[in-house]
$ cat input30.cif   # mmCIF, C-alpha atoms
data_upload
#
loop_
_atom_site.group_PDB
_atom_site.id
_atom_site.type_symbol
_atom_site.label_atom_id
_atom_site.label_comp_id
_atom_site.auth_asym_id
_atom_site.auth_seq_id
_atom_site.Cartn_x
_atom_site.Cartn_y
_atom_site.Cartn_z
ATOM 1 C CA MET A 11 -53.296 -115.285 24.930
ATOM 2 C CA LYS A 12 -53.132 -115.103 28.730
ATOM 3 C CA MET A 13 -50.495 -112.888 30.311
ATOM 4 C CA ARG A 14 -47.863 -114.937 32.164
ATOM 5 C CA ILE A 15 -47.247 -113.932 35.788
ATOM 6 C CA VAL A 16 -44.614 -114.733 38.394
ATOM 7 C CA ASP A 17 -45.561 -113.898 42.009
ATOM 8 C CA LEU A 18 -42.716 -112.909 44.378
ATOM 9 C CA PHE A 19 -43.127 -113.044 48.182
ATOM 10 C CA ALA A 20 -46.340 -114.911 47.419
ATOM 11 C CA GLY A 21 -47.312 -115.848 50.990
ATOM 12 C CA CYS A 22 -50.319 -118.140 51.005
ATOM 13 C CA GLY A 23 -51.518 -116.755 47.664
ATOM 14 C CA GLY A 24 -53.970 -113.855 48.062
ATOM 15 C CA LEU A 25 -52.386 -111.808 45.277
ATOM 16 C CA SER A 26 -52.009 -114.864 43.022
ATOM 17 C CA LEU A 27 -55.614 -115.905 43.542
ATOM 18 C CA GLY A 28 -56.968 -112.445 42.721
ATOM 19 C CA PHE A 29 -54.957 -112.251 39.489
ATOM 20 C CA GLN A 30 -55.848 -115.835 38.568
ATOM 21 C CA LYS A 31 -59.560 -115.102 39.070
ATOM 22 C CA THR A 32 -59.223 -112.190 36.651
ATOM 23 C CA GLY A 33 -57.810 -114.390 33.885
ATOM 24 C CA PHE A 34 -54.038 -114.069 34.278
ATOM 25 C CA ASP A 35 -51.858 -117.185 34.058
ATOM 26 C CA ILE A 36 -49.693 -117.607 37.170
ATOM 27 C CA VAL A 37 -46.735 -119.716 36.026
ATOM 28 C CA ALA A 38 -44.535 -119.681 39.166
ATOM 29 C CA ALA A 39 -44.393 -118.306 42.705
ATOM 30 C CA PHE A 40 -41.630 -117.612 45.217
ATOM 31 C CA GLU A 41 -42.100 -117.883 48.977
ATOM 32 C CA PHE A 42 -39.250 -118.445 51.441
ATOM 33 C CA TRP A 43 -41.402 -119.187 54.533
ATOM 34 C CA GLU A 44 -41.856 -122.950 54.320
ATOM 35 C CA VAL A 45 -45.244 -122.945 56.075
ATOM 36 C CA ALA A 46 -46.748 -120.413 53.643
ATOM 37 C CA ALA A 47 -45.128 -122.136 50.656
ATOM 38 C CA ASN A 48 -46.693 -125.461 51.707
ATOM 39 C CA CYS A 49 -50.103 -123.801 52.066
ATOM 40 C CA TYR A 50 -49.732 -122.099 48.676
ATOM 41 C CA GLU A 51 -48.834 -125.445 47.110
ATOM 42 C CA GLN A 52 -52.100 -126.975 48.333
ATOM 43 C CA ASN A 53 -54.125 -124.403 46.386
ATOM 44 C CA PHE A 54 -52.272 -123.889 43.091
ATOM 45 C CA LYS A 55 -50.895 -126.187 40.402
ATOM 46 C CA HIS A 56 -47.804 -124.212 39.341
ATOM 47 C CA PRO A 57 -44.406 -124.522 41.077
ATOM 48 C CA VAL A 58 -43.513 -122.658 44.278
ATOM 49 C CA PHE A 59 -39.831 -121.933 44.816
ATOM 50 C CA ARG A 60 -38.474 -121.640 48.379
ATOM 51 C CA THR A 61 -35.787 -119.224 47.215
ATOM 52 C CA ASP A 62 -34.427 -116.454 49.440
ATOM 53 C CA LEU A 63 -35.170 -113.443 47.225
ATOM 54 C CA SER A 64 -32.391 -111.428 48.819
ATOM 55 C CA ASN A 65 -30.244 -113.701 46.628
ATOM 56 C CA THR A 66 -31.369 -111.812 43.527
ATOM 57 C CA GLU A 67 -28.981 -113.553 41.120
ATOM 58 C CA GLU A 68 -30.400 -117.002 41.865
ATOM 59 C CA ALA A 69 -33.983 -115.717 41.648
ATOM 60 C CA ILE A 70 -33.373 -113.935 38.333
ATOM 61 C CA GLU A 71 -31.906 -117.101 36.830
ATOM 62 C CA ILE A 72 -35.039 -119.105 37.722
ATOM 63 C CA ILE A 73 -37.540 -116.391 36.750
ATOM 64 C CA ARG A 74 -36.003 -115.856 33.301
ATOM 65 C CA GLU A 75 -36.969 -119.403 32.354
ATOM 66 C CA TYR A 76 -40.655 -118.499 32.818
ATOM 67 C CA SER A 77 -40.558 -115.396 30.560
ATOM 68 C CA PRO A 78 -43.160 -113.481 32.602
ATOM 69 C CA ASP A 79 -45.168 -110.668 31.015
ATOM 70 C CA VAL A 80 -45.992 -109.431 34.530
ATOM 71 C CA ILE A 81 -44.262 -109.727 37.906
ATOM 72 C CA ILE A 82 -46.382 -109.190 41.014
ATOM 73 C CA GLY A 83 -45.524 -109.305 44.697
ATOM 74 C CA GLY A 84 -45.581 -107.780 48.148
ATOM 75 C CA PRO A 85 -42.173 -107.612 49.841
ATOM 76 C CA PRO A 86 -42.495 -108.255 53.616
ATOM 77 C CA CYS A 87 -43.970 -105.195 55.281
ATOM 78 C CA GLN A 88 -43.318 -105.850 58.984
ATOM 79 C CA ASP A 89 -40.715 -103.090 59.151
ATOM 80 C CA PHE A 90 -43.208 -100.515 57.913
ATOM 81 C CA SER A 91 -46.339 -101.691 59.722
ATOM 82 C CA PHE A 92 -45.365 -102.639 63.286
ATOM 83 C CA ALA A 93 -47.203 -100.342 65.709
ATOM 84 C CA GLY A 94 -45.111 -97.397 66.802
ATOM 85 C CA LYS A 95 -42.002 -98.530 64.947
ATOM 86 C CA ARG A 96 -40.607 -96.296 62.233
ATOM 87 C CA VAL A 97 -37.048 -97.580 61.836
ATOM 88 C CA GLU A 98 -36.496 -99.600 58.682
ATOM 89 C CA ALA A 99 -34.718 -102.866 59.357
ATOM 90 C CA GLY A 100 -33.365 -105.712 57.236
ATOM 91 C CA ARG A 101 -36.598 -106.955 55.731
ATOM 92 C CA ALA A 102 -37.271 -103.577 54.159
ATOM 93 C CA SER A 103 -34.272 -104.217 51.905
ATOM 94 C CA LEU A 104 -36.354 -106.931 50.222
ATOM 95 C CA THR A 105 -38.236 -104.056 48.555
ATOM 96 C CA GLY A 106 -34.904 -103.260 46.902
ATOM 97 C CA SER A 107 -34.482 -106.934 45.962
ATOM 98 C CA TYR A 108 -37.912 -106.870 44.315
ATOM 99 C CA ALA A 109 -36.905 -103.808 42.269
ATOM 100 C CA GLU A 110 -33.600 -105.397 41.226
ATOM 101 C CA ILE A 111 -35.363 -108.552 40.067
ATOM 102 C CA VAL A 112 -38.022 -106.633 38.115
ATOM 103 C CA THR A 113 -35.523 -104.312 36.415
ATOM 104 C CA SER A 114 -33.270 -107.242 35.467
ATOM 105 C CA ILE A 115 -36.107 -109.374 34.019
ATOM 106 C CA ARG A 116 -37.892 -106.338 32.502
ATOM 107 C CA PRO A 117 -41.444 -107.676 32.199
ATOM 108 C CA GLN A 118 -43.832 -105.365 30.364
ATOM 109 C CA TYR A 119 -45.752 -104.755 33.605
ATOM 110 C CA PHE A 120 -45.312 -105.224 37.352
ATOM 111 C CA VAL A 121 -47.379 -104.725 40.500
ATOM 112 C CA MET A 122 -45.826 -104.165 43.936
ATOM 113 C CA GLU A 123 -47.999 -104.106 47.072
ATOM 114 C CA ASN A 124 -47.215 -102.919 50.595
ATOM 115 C CA VAL A 125 -48.677 -101.127 53.615
ATOM 116 C CA ASP A 126 -49.571 -97.504 52.908
ATOM 117 C CA ARG A 127 -46.715 -96.193 55.059
ATOM 118 C CA ALA A 128 -44.148 -97.885 52.806
ATOM 119 C CA ARG A 129 -44.693 -95.217 50.161
ATOM 120 C CA ASN A 130 -42.615 -92.754 52.222
ATOM 121 C CA SER A 131 -39.800 -95.183 53.052
ATOM 122 C CA LYS A 132 -36.173 -95.072 51.986
ATOM 123 C CA ALA A 133 -36.521 -98.615 50.660
ATOM 124 C CA TYR A 134 -39.321 -97.559 48.323
ATOM 125 C CA ALA A 135 -37.411 -94.442 47.233
ATOM 126 C CA PHE A 136 -34.550 -96.750 46.189
ATOM 127 C CA ALA A 137 -36.938 -99.098 44.366
ATOM 128 C CA ARG A 138 -38.715 -96.210 42.661
ATOM 129 C CA ASP A 139 -35.444 -94.839 41.278
ATOM 130 C CA LYS A 140 -34.599 -98.313 39.920
ATOM 131 C CA PHE A 141 -37.982 -98.569 38.186
ATOM 132 C CA LYS A 142 -37.707 -95.099 36.642
ATOM 133 C CA ASP A 143 -34.137 -95.677 35.449
ATOM 134 C CA ALA A 144 -35.319 -98.900 33.768
ATOM 135 C CA GLY A 145 -37.974 -97.010 31.770
ATOM 136 C CA TYR A 146 -41.137 -97.838 33.716
ATOM 137 C CA GLY A 147 -44.037 -95.435 34.002
ATOM 138 C CA LEU A 148 -45.564 -95.718 37.473
ATOM 139 C CA THR A 149 -49.067 -95.523 38.855
ATOM 140 C CA GLU A 150 -48.760 -95.100 42.633
ATOM 141 C CA VAL A 151 -51.930 -95.358 44.672
ATOM 142 C CA VAL A 152 -53.152 -96.157 48.185
ATOM 143 C CA LEU A 153 -56.318 -98.242 47.977
ATOM 144 C CA ASP A 154 -58.883 -98.865 50.710
ATOM 145 C CA ALA A 155 -59.923 -102.508 50.357
ATOM 146 C CA SER A 156 -63.467 -101.662 51.540
ATOM 147 C CA LYS A 157 -63.972 -99.673 48.315
ATOM 148 C CA CYS A 158 -62.486 -102.446 46.197
ATOM 149 C CA GLY A 159 -64.865 -105.351 46.835
ATOM 150 C CA THR A 160 -63.655 -106.331 50.326
ATOM 151 C CA PRO A 161 -65.642 -105.946 53.582
ATOM 152 C CA GLN A 162 -62.604 -104.675 55.463
ATOM 153 C CA LYS A 163 -61.030 -101.294 56.163
ATOM 154 C CA ARG A 164 -57.518 -102.055 54.993
ATOM 155 C CA LYS A 165 -55.319 -99.493 53.264
ATOM 156 C CA ARG A 166 -52.554 -100.759 50.998
ATOM 157 C CA PHE A 167 -50.085 -99.058 48.698
ATOM 158 C CA PHE A 168 -49.751 -100.307 45.121
ATOM 159 C CA CYS A 169 -47.077 -99.365 42.616
ATOM 160 C CA ILE A 170 -48.084 -100.505 39.127
ATOM 161 C CA GLY A 171 -45.388 -100.251 36.478
ATOM 162 C CA ALA A 172 -45.549 -100.358 32.675
ATOM 163 C CA LEU A 173 -42.562 -100.070 30.337
ATOM 164 C CA GLY A 174 -42.546 -96.935 28.226
ATOM 165 C CA LYS A 175 -45.684 -95.357 29.684
ATOM 166 C CA ASP A 176 -46.172 -92.022 31.451
ATOM 167 C CA ASP A 177 -46.521 -91.880 35.228
ATOM 168 C CA GLY A 178 -50.158 -92.044 36.346
ATOM 169 C CA PHE A 179 -51.161 -94.125 33.306
ATOM 170 C CA ALA A 180 -53.783 -96.105 35.262
ATOM 171 C CA ASP A 181 -55.068 -93.320 37.548
ATOM 172 C CA ASN A 182 -58.336 -92.755 35.694
ATOM 173 C CA ILE A 183 -59.049 -96.463 35.258
ATOM 174 C CA ILE A 184 -58.618 -97.035 38.994
ATOM 175 C CA ALA A 185 -60.629 -93.954 39.992
ATOM 176 C CA ASN A 186 -63.537 -95.059 37.790
ATOM 177 C CA ARG A 187 -63.687 -98.491 39.453
ATOM 178 C CA ILE A 188 -63.461 -97.463 43.113
ATOM 179 C CA ALA A 189 -66.805 -97.788 44.889
ATOM 180 C CA ALA A 190 -68.453 -94.643 46.246
ATOM 181 C CA GLU A 191 -69.224 -96.299 49.597
ATOM 182 C CA PRO A 192 -67.234 -98.774 51.701
ATOM 183 C CA MET A 193 -68.432 -102.383 51.737
ATOM 184 C CA THR A 194 -69.796 -103.534 55.090
ATOM 185 C CA MET A 195 -69.713 -107.055 56.452
ATOM 186 C CA ARG A 196 -73.481 -107.264 55.933
ATOM 187 C CA ASP A 197 -73.092 -106.149 52.304
ATOM 188 C CA TYR A 198 -70.738 -109.067 51.700
ATOM 189 C CA PHE A 199 -72.151 -111.822 53.938
ATOM 190 C CA GLY A 200 -75.803 -110.858 54.398
ATOM 191 C CA ASP A 201 -76.981 -112.654 57.542
ATOM 192 C CA GLU A 202 -74.818 -115.711 56.861
ATOM 193 C CA LEU A 203 -72.474 -115.161 59.822
ATOM 194 C CA GLY A 204 -75.229 -115.403 62.423
ATOM 195 C CA PHE A 205 -74.130 -112.502 64.618
ATOM 196 C CA GLU A 206 -74.473 -108.720 64.671
ATOM 197 C CA CYS A 207 -71.358 -107.707 66.652
ATOM 198 C CA TYR A 208 -67.940 -109.255 67.259
ATOM 199 C CA TYR A 209 -64.712 -108.618 69.157
ATOM 200 C CA ARG A 210 -61.371 -107.608 67.582
ATOM 201 C CA HIS A 211 -58.606 -107.142 70.149
ATOM 202 C CA PRO A 212 -57.298 -103.548 70.097
ATOM 203 C CA ARG A 213 -53.627 -102.588 70.236
ATOM 204 C CA ASN A 214 -54.467 -100.793 73.488
ATOM 205 C CA TYR A 215 -57.633 -100.149 75.498
ATOM 206 C CA SER A 216 -57.888 -96.527 74.386
ATOM 207 C CA ARG A 217 -59.332 -98.026 71.183
ATOM 208 C CA ARG A 218 -62.635 -99.790 70.799
ATOM 209 C CA ALA A 219 -62.819 -103.539 70.304
ATOM 210 C CA VAL A 220 -66.448 -104.369 69.478
ATOM 211 C CA PHE A 221 -67.538 -103.913 65.866
ATOM 212 C CA SER A 222 -70.833 -104.250 63.992
ATOM 213 C CA ILE A 223 -71.415 -106.130 60.754
ATOM 214 C CA ASP A 224 -73.028 -102.908 59.469
ATOM 215 C CA GLU A 225 -69.540 -101.443 58.949
ATOM 216 C CA PRO A 226 -66.397 -102.719 57.237
ATOM 217 C CA ALA A 227 -64.279 -104.962 59.439
ATOM 218 C CA PRO A 228 -61.078 -103.439 60.812
ATOM 219 C CA THR A 229 -57.817 -104.669 59.282
ATOM 220 C CA MET A 230 -57.289 -108.389 59.824
ATOM 221 C CA ARG A 231 -53.971 -108.656 61.681
ATOM 222 C CA GLY A 232 -51.649 -111.639 62.058
ATOM 223 C CA VAL A 233 -52.954 -112.512 65.520
ATOM 224 C CA ASN A 234 -56.457 -113.347 66.704
ATOM 225 C CA ARG A 235 -57.032 -112.988 70.439
ATOM 226 C CA PRO A 236 -60.163 -114.040 72.363
ATOM 227 C CA VAL A 237 -62.148 -111.631 74.518
ATOM 228 C CA PRO A 238 -60.010 -111.093 77.663
ATOM 229 C CA LYS A 239 -61.515 -111.006 81.127
ATOM 230 C CA GLY A 240 -60.054 -107.552 81.690
ATOM 231 C CA TYR A 241 -61.471 -105.712 78.683
ATOM 232 C CA PRO A 242 -63.070 -102.579 80.222
ATOM 233 C CA GLY A 243 -65.332 -101.710 77.290
ATOM 234 C CA HIS A 244 -65.125 -98.545 75.213
ATOM 235 C CA PRO A 245 -67.686 -95.772 74.596
ATOM 236 C CA ASN A 246 -67.400 -96.331 70.829
ATOM 237 C CA ASP A 247 -68.029 -100.075 70.946
ATOM 238 C CA ALA A 248 -70.782 -101.055 68.496
ATOM 239 C CA CYS A 249 -72.704 -102.778 71.285
ATOM 240 C CA PRO A 250 -72.085 -103.623 74.952
ATOM 241 C CA LEU A 251 -69.739 -106.533 75.562
ATOM 242 C CA ASN A 252 -71.922 -109.452 76.598
ATOM 243 C CA GLY A 253 -71.978 -113.218 76.412
ATOM 244 C CA ASN A 254 -73.008 -113.162 72.744
ATOM 245 C CA VAL A 255 -70.001 -111.109 71.568
ATOM 246 C CA ARG A 256 -67.006 -113.240 70.610
ATOM 247 C CA ALA A 257 -63.827 -112.988 68.575
ATOM 248 C CA LEU A 258 -63.938 -114.041 64.942
ATOM 249 C CA THR A 259 -62.946 -117.604 64.109
ATOM 250 C CA THR A 260 -59.934 -118.316 61.903
ATOM 251 C CA GLU A 261 -62.293 -119.279 59.064
ATOM 252 C CA GLU A 262 -64.296 -116.063 59.390
ATOM 253 C CA ARG A 263 -61.110 -114.005 59.239
ATOM 254 C CA ALA A 264 -60.109 -115.798 56.032
ATOM 255 C CA TRP A 265 -63.546 -115.096 54.533
ATOM 256 C CA ILE A 266 -63.217 -111.397 55.437
ATOM 257 C CA GLN A 267 -59.925 -111.485 53.536
ATOM 258 C CA THR A 268 -62.195 -112.773 50.702
ATOM 259 C CA PHE A 269 -60.524 -116.159 50.453
ATOM 260 C CA PRO A 270 -63.020 -118.714 49.103
ATOM 261 C CA LYS A 271 -64.495 -121.274 51.454
ATOM 262 C CA GLY A 272 -62.744 -124.078 49.588
ATOM 263 C CA PHE A 273 -59.273 -122.628 50.192
ATOM 264 C CA VAL A 274 -57.093 -125.204 51.967
ATOM 265 C CA TRP A 275 -55.299 -123.882 55.065
ATOM 266 C CA GLN A 276 -52.260 -125.790 56.271
ATOM 267 C CA GLY A 277 -50.072 -125.242 59.335
ATOM 268 C CA SER A 278 -50.533 -124.573 63.045
ATOM 269 C CA LYS A 279 -53.335 -122.253 64.170
ATOM 270 C CA THR A 280 -50.768 -119.541 64.924
ATOM 271 C CA ASP A 281 -49.203 -119.909 61.477
ATOM 272 C CA VAL A 282 -52.568 -119.864 59.704
ATOM 273 C CA GLU A 283 -53.635 -116.719 61.590
ATOM 274 C CA GLN A 284 -50.334 -115.088 60.558
ATOM 275 C CA MET A 285 -50.784 -116.081 56.901
ATOM 276 C CA ILE A 286 -54.323 -114.686 56.865
ATOM 277 C CA GLY A 287 -53.184 -111.404 58.407
ATOM 278 C CA ASN A 288 -50.264 -111.070 55.990
ATOM 279 C CA ALA A 289 -52.281 -111.816 52.863
ATOM 280 C CA VAL A 290 -53.521 -109.395 50.233
ATOM 281 C CA PRO A 291 -57.327 -109.709 50.246
ATOM 282 C CA VAL A 292 -58.249 -111.754 47.183
ATOM 283 C CA ASN A 293 -60.864 -109.266 45.984
ATOM 284 C CA LEU A 294 -58.475 -106.329 46.388
ATOM 285 C CA ALA A 295 -55.946 -108.230 44.271
ATOM 286 C CA ALA A 296 -58.675 -108.929 41.706
ATOM 287 C CA PHE A 297 -59.572 -105.216 41.651
ATOM 288 C CA VAL A 298 -55.971 -104.276 40.826
ATOM 289 C CA ALA A 299 -55.718 -107.121 38.297
ATOM 290 C CA THR A 300 -58.888 -105.909 36.551
ATOM 291 C CA CYS A 301 -57.483 -102.382 36.305
ATOM 292 C CA LEU A 302 -54.198 -103.711 34.893
ATOM 293 C CA LEU A 303 -56.098 -105.844 32.394
ATOM 294 C CA GLU A 304 -57.856 -102.709 31.146
ATOM 295 C CA VAL A 305 -54.470 -101.015 30.701
ATOM 296 C CA ILE A 306 -53.161 -104.032 28.774
ATOM 297 C CA LYS A 307 -56.221 -104.106 26.486
ATOM 298 C CA GLU A 308 -55.809 -100.408 25.743
ATOM 299 C CA ASP A 309 -52.135 -100.980 24.936
ATOM 300 C CA CYS A 310 -53.005 -103.875 22.590
ATOM 301 C CA ASN A 311 -55.613 -101.767 20.801
ATOM 302 C CA ASN A 312 -53.087 -98.971 20.299
ATOM 303 C CA VAL A 313 -50.452 -101.203 18.698
#

$ encode --input "input30.cif" --output "structure tokens"
Amino acid sequence: MKMRIVDLFAGCGGLSLGFQKTGFDIVAAFEFWEVAANCYEQNFKHPVFRTDLSNTEEAIEIIREYSPDVIIGGPPCQDFSFAGKRVEAGRASLTGSYAEIVTSIRPQYFVMENVDRARNSKAYAFARDKFKDAGYGLTEVVLDASKCGTPQKRKRFFCIGALGKDDGFADNIIANRIAAEPMTMRDYFGDELGFECYYRHPRNYSRRAVFSIDEPAPTMRGVNRPVPKGYPGHPNDACPLNGNVRALTTEERAWIQTFPKGFVWQGSKTDVEQMIGNAVPVNLAAFVATCLLEVIKEDCNNV
């Protein structure tokens, strides 16, 4: 029997797709941003609810009908990830909403994803207390996507919960699956992309902007800027900026996020770039799903 999953704050579906690939049954998703919900709908057969999850009572009422064994989701992380900003604002409270929904529904397992900095936030401290009070054991880990089947240096925090288990219950399973070396773009694509170096606009010119396919890509952000006329170059650039070095296309960025080539993108170019940058890489989601599946199998064998 497949484990039934509800995905909260589903975005365009990176987390859902990774869990689905691993054999879980996604039965419903929740995404309040209409553009992302429409895109999600193009790629999955189950319903997508445009419910504001800060209205926890309404969400809980809908989710109960689906009797999920697992709840997954990544509450919006803008408040934790914006460069230079450390003040938690309104969206961070959605982490608390996620915890309230999980602890009211009480699925056997849950997975919450966020930027690595979120682990030290007040919002997460609140959520963590809710999970512990509800009887969940927690595995808390920061994963580098480049060591989890994704050609991208992207660190994300995962809190995996299981009712009645000790904290750290999945630590060994995760540690045994993490790759020894980061995955480069060439490891993943071979020579398929047709270039050796590419441009990724830096947050400021004290950072390099030209990267090689013989290293993991930097984190895909929600914007994708072309090479500006004023870029001065950087001593750590992978190669000199010349006429052959260009920014990645929208499609290439989606592939680096390990979305399949057949994934249907819907919305304006700006919206699609934002969805790609916000998404959990599909292969990172599949890595976490595979680890959770191993936990579930162990639990079934011990019954």

$ closest_residue --input "input30.cif" --among "A:Met193, A:Leu153, A:Ala180, A:Val290" --to "Gly83 (chain A)" --atoms "only C-alpha atoms"
A:Val290

$ axis_aligned_box --input "input30.cif" --around "region 263-273 of chain A" --padding-each-side "5 Å" --output "lines of an AutoDock Vina configuration file"
center_x = -61.9
center_y = -117.7
center_z = 54.2
size_x = 15.2
size_y = 22.7
size_z = 20.1

$ atom_distance --input "input30.cif" --atom1 "CA of Thr66 (chain A)" --atom2 "CA of Leu25 (chain A)"
21.1 Å

$ resolve_selection --input "input30.cif" --expression "the PyMOL selection byres ((chain A and resi 49) around 10)" --output "ChimeraX atom specification"
/A:21-23,44-48,50-54,273-277,282,285

$ residues_around --input "input30.cif" --residues "region 210-219 of chain A" --least-positions-apart "4" --cutoff "8 Å" --atoms "only C-alpha atoms" --output "PDB file with C-alpha atoms, in the frame of the given file"
ATOM      1  CA  PRO A 228     -61.078-103.439  60.812  1.00  0.00           C
ATOM      2  CA  ASN A 234     -56.457-113.347  66.704  1.00  0.00           C
ATOM      3  CA  ARG A 235     -57.032-112.988  70.439  1.00  0.00           C
ATOM      4  CA  PRO A 236     -60.163-114.040  72.363  1.00  0.00           C
ATOM      5  CA  VAL A 237     -62.148-111.631  74.518  1.00  0.00           C
ATOM      6  CA  TYR A 241     -61.471-105.712  78.683  1.00  0.00           C
ATOM      7  CA  PRO A 242     -63.070-102.579  80.222  1.00  0.00           C
ATOM      8  CA  GLY A 243     -65.332-101.710  77.290  1.00  0.00           C
ATOM      9  CA  HIS A 244     -65.125 -98.545  75.213  1.00  0.00           C
ATOM     10  CA  PRO A 245     -67.686 -95.772  74.596  1.00  0.00           C
ATOM     11  CA  ASN A 246     -67.400 -96.331  70.829  1.00  0.00           C
ATOM     12  CA  ASP A 247     -68.029-100.075  70.946  1.00  0.00           C
ATOM     13  CA  ALA A 257     -63.827-112.988  68.575  1.00  0.00           C
ATOM     14  CA  LEU A 258     -63.938-114.041  64.942  1.00  0.00           C
TER      15      LEU A 258
END

$ atom_distance --input "input30.cif" --atom1 "CA of Gly253 (chain A)" --atom2 "CA of Gln162 (chain A)"
24.5 Å

$ atom_distance --input "input30.cif" --atom1 "CA of Thr300 (chain A)" --atom2 "CA of Glu75 (chain A)"
26.1 Å

$ resolve_selection --input "input30.cif" --expression "the PyMOL selection byres ((chain A and resi 78) around 12)" --output "ChimeraX atom specification"
/A:12-18,34-39,70,72-77,79-82,111-112,115-120

$ write_last_selection --input "input30.cif" --atoms "C-alpha atoms" --output "PDB file, keeping the file's coordinate frame"
ATOM      1  CA  LYS A  12     -53.132-115.103  28.730  1.00  0.00           C
ATOM      2  CA  MET A  13     -50.495-112.888  30.311  1.00  0.00           C
ATOM      3  CA  ARG A  14     -47.863-114.937  32.164  1.00  0.00           C
ATOM      4  CA  ILE A  15     -47.247-113.932  35.788  1.00  0.00           C
ATOM      5  CA  VAL A  16     -44.614-114.733  38.394  1.00  0.00           C
ATOM      6  CA  ASP A  17     -45.561-113.898  42.009  1.00  0.00           C
ATOM      7  CA  LEU A  18     -42.716-112.909  44.378  1.00  0.00           C
ATOM      8  CA  PHE A  34     -54.038-114.069  34.278  1.00  0.00           C
ATOM      9  CA  ASP A  35     -51.858-117.185  34.058  1.00  0.00           C
ATOM     10  CA  ILE A  36     -49.693-117.607  37.170  1.00  0.00           C
ATOM     11  CA  VAL A  37     -46.735-119.716  36.026  1.00  0.00           C
ATOM     12  CA  ALA A  38     -44.535-119.681  39.166  1.00  0.00           C
ATOM     13  CA  ALA A  39     -44.393-118.306  42.705  1.00  0.00           C
ATOM     14  CA  ILE A  70     -33.373-113.935  38.333  1.00  0.00           C
ATOM     15  CA  ILE A  72     -35.039-119.105  37.722  1.00  0.00           C
ATOM     16  CA  ILE A  73     -37.540-116.391  36.750  1.00  0.00           C
ATOM     17  CA  ARG A  74     -36.003-115.856  33.301  1.00  0.00           C
ATOM     18  CA  GLU A  75     -36.969-119.403  32.354  1.00  0.00           C
ATOM     19  CA  TYR A  76     -40.655-118.499  32.818  1.00  0.00           C
ATOM     20  CA  SER A  77     -40.558-115.396  30.560  1.00  0.00           C
ATOM     21  CA  ASP A  79     -45.168-110.668  31.015  1.00  0.00           C
ATOM     22  CA  VAL A  80     -45.992-109.431  34.530  1.00  0.00           C
ATOM     23  CA  ILE A  81     -44.262-109.727  37.906  1.00  0.00           C
ATOM     24  CA  ILE A  82     -46.382-109.190  41.014  1.00  0.00           C
ATOM     25  CA  ILE A 111     -35.363-108.552  40.067  1.00  0.00           C
ATOM     26  CA  VAL A 112     -38.022-106.633  38.115  1.00  0.00           C
ATOM     27  CA  ILE A 115     -36.107-109.374  34.019  1.00  0.00           C
ATOM     28  CA  ARG A 116     -37.892-106.338  32.502  1.00  0.00           C
ATOM     29  CA  PRO A 117     -41.444-107.676  32.199  1.00  0.00           C
ATOM     30  CA  GLN A 118     -43.832-105.365  30.364  1.00  0.00           C
ATOM     31  CA  TYR A 119     -45.752-104.755  33.605  1.00  0.00           C
ATOM     32  CA  PHE A 120     -45.312-105.224  37.352  1.00  0.00           C
TER      33      PHE A 120
END

$ residues_near_point --input "input30.cif" --point "(-64.1, -114.1, 57.0)" --cutoff "12 Å" --atoms "all atoms listed in the file" --output "VMD selection string"
chain A and resid 160 to 162 195 to 196 198 to 199 202 to 203 208 223 226 to 230 257 to 271 273 283 286 to 287 291 to 292

$ resolve_selection --input "input30.cif" --expression "the PyMOL selection byres ((chain A and resi 177) around 9)" --output "MDAnalysis selection string"
chainID A and resid 146:150 171:172 175:176 178:181

$ write_last_selection --input "input30.cif" --atoms "C-alpha atoms" --output "PDB file, keeping the file's coordinate frame"
ATOM      1  CA  TYR A 146     -41.137 -97.838  33.716  1.00  0.00           C
ATOM      2  CA  GLY A 147     -44.037 -95.435  34.002  1.00  0.00           C
ATOM      3  CA  LEU A 148     -45.564 -95.718  37.473  1.00  0.00           C
ATOM      4  CA  THR A 149     -49.067 -95.523  38.855  1.00  0.00           C
ATOM      5  CA  GLU A 150     -48.760 -95.100  42.633  1.00  0.00           C
ATOM      6  CA  GLY A 171     -45.388-100.251  36.478  1.00  0.00           C
ATOM      7  CA  ALA A 172     -45.549-100.358  32.675  1.00  0.00           C
ATOM      8  CA  LYS A 175     -45.684 -95.357  29.684  1.00  0.00           C
ATOM      9  CA  ASP A 176     -46.172 -92.022  31.451  1.00  0.00           C
ATOM     10  CA  GLY A 178     -50.158 -92.044  36.346  1.00  0.00           C
ATOM     11  CA  PHE A 179     -51.161 -94.125  33.306  1.00  0.00           C
ATOM     12  CA  ALA A 180     -53.783 -96.105  35.262  1.00  0.00           C
ATOM     13  CA  ASP A 181     -55.068 -93.320  37.548  1.00  0.00           C
TER      14      ASP A 181
END
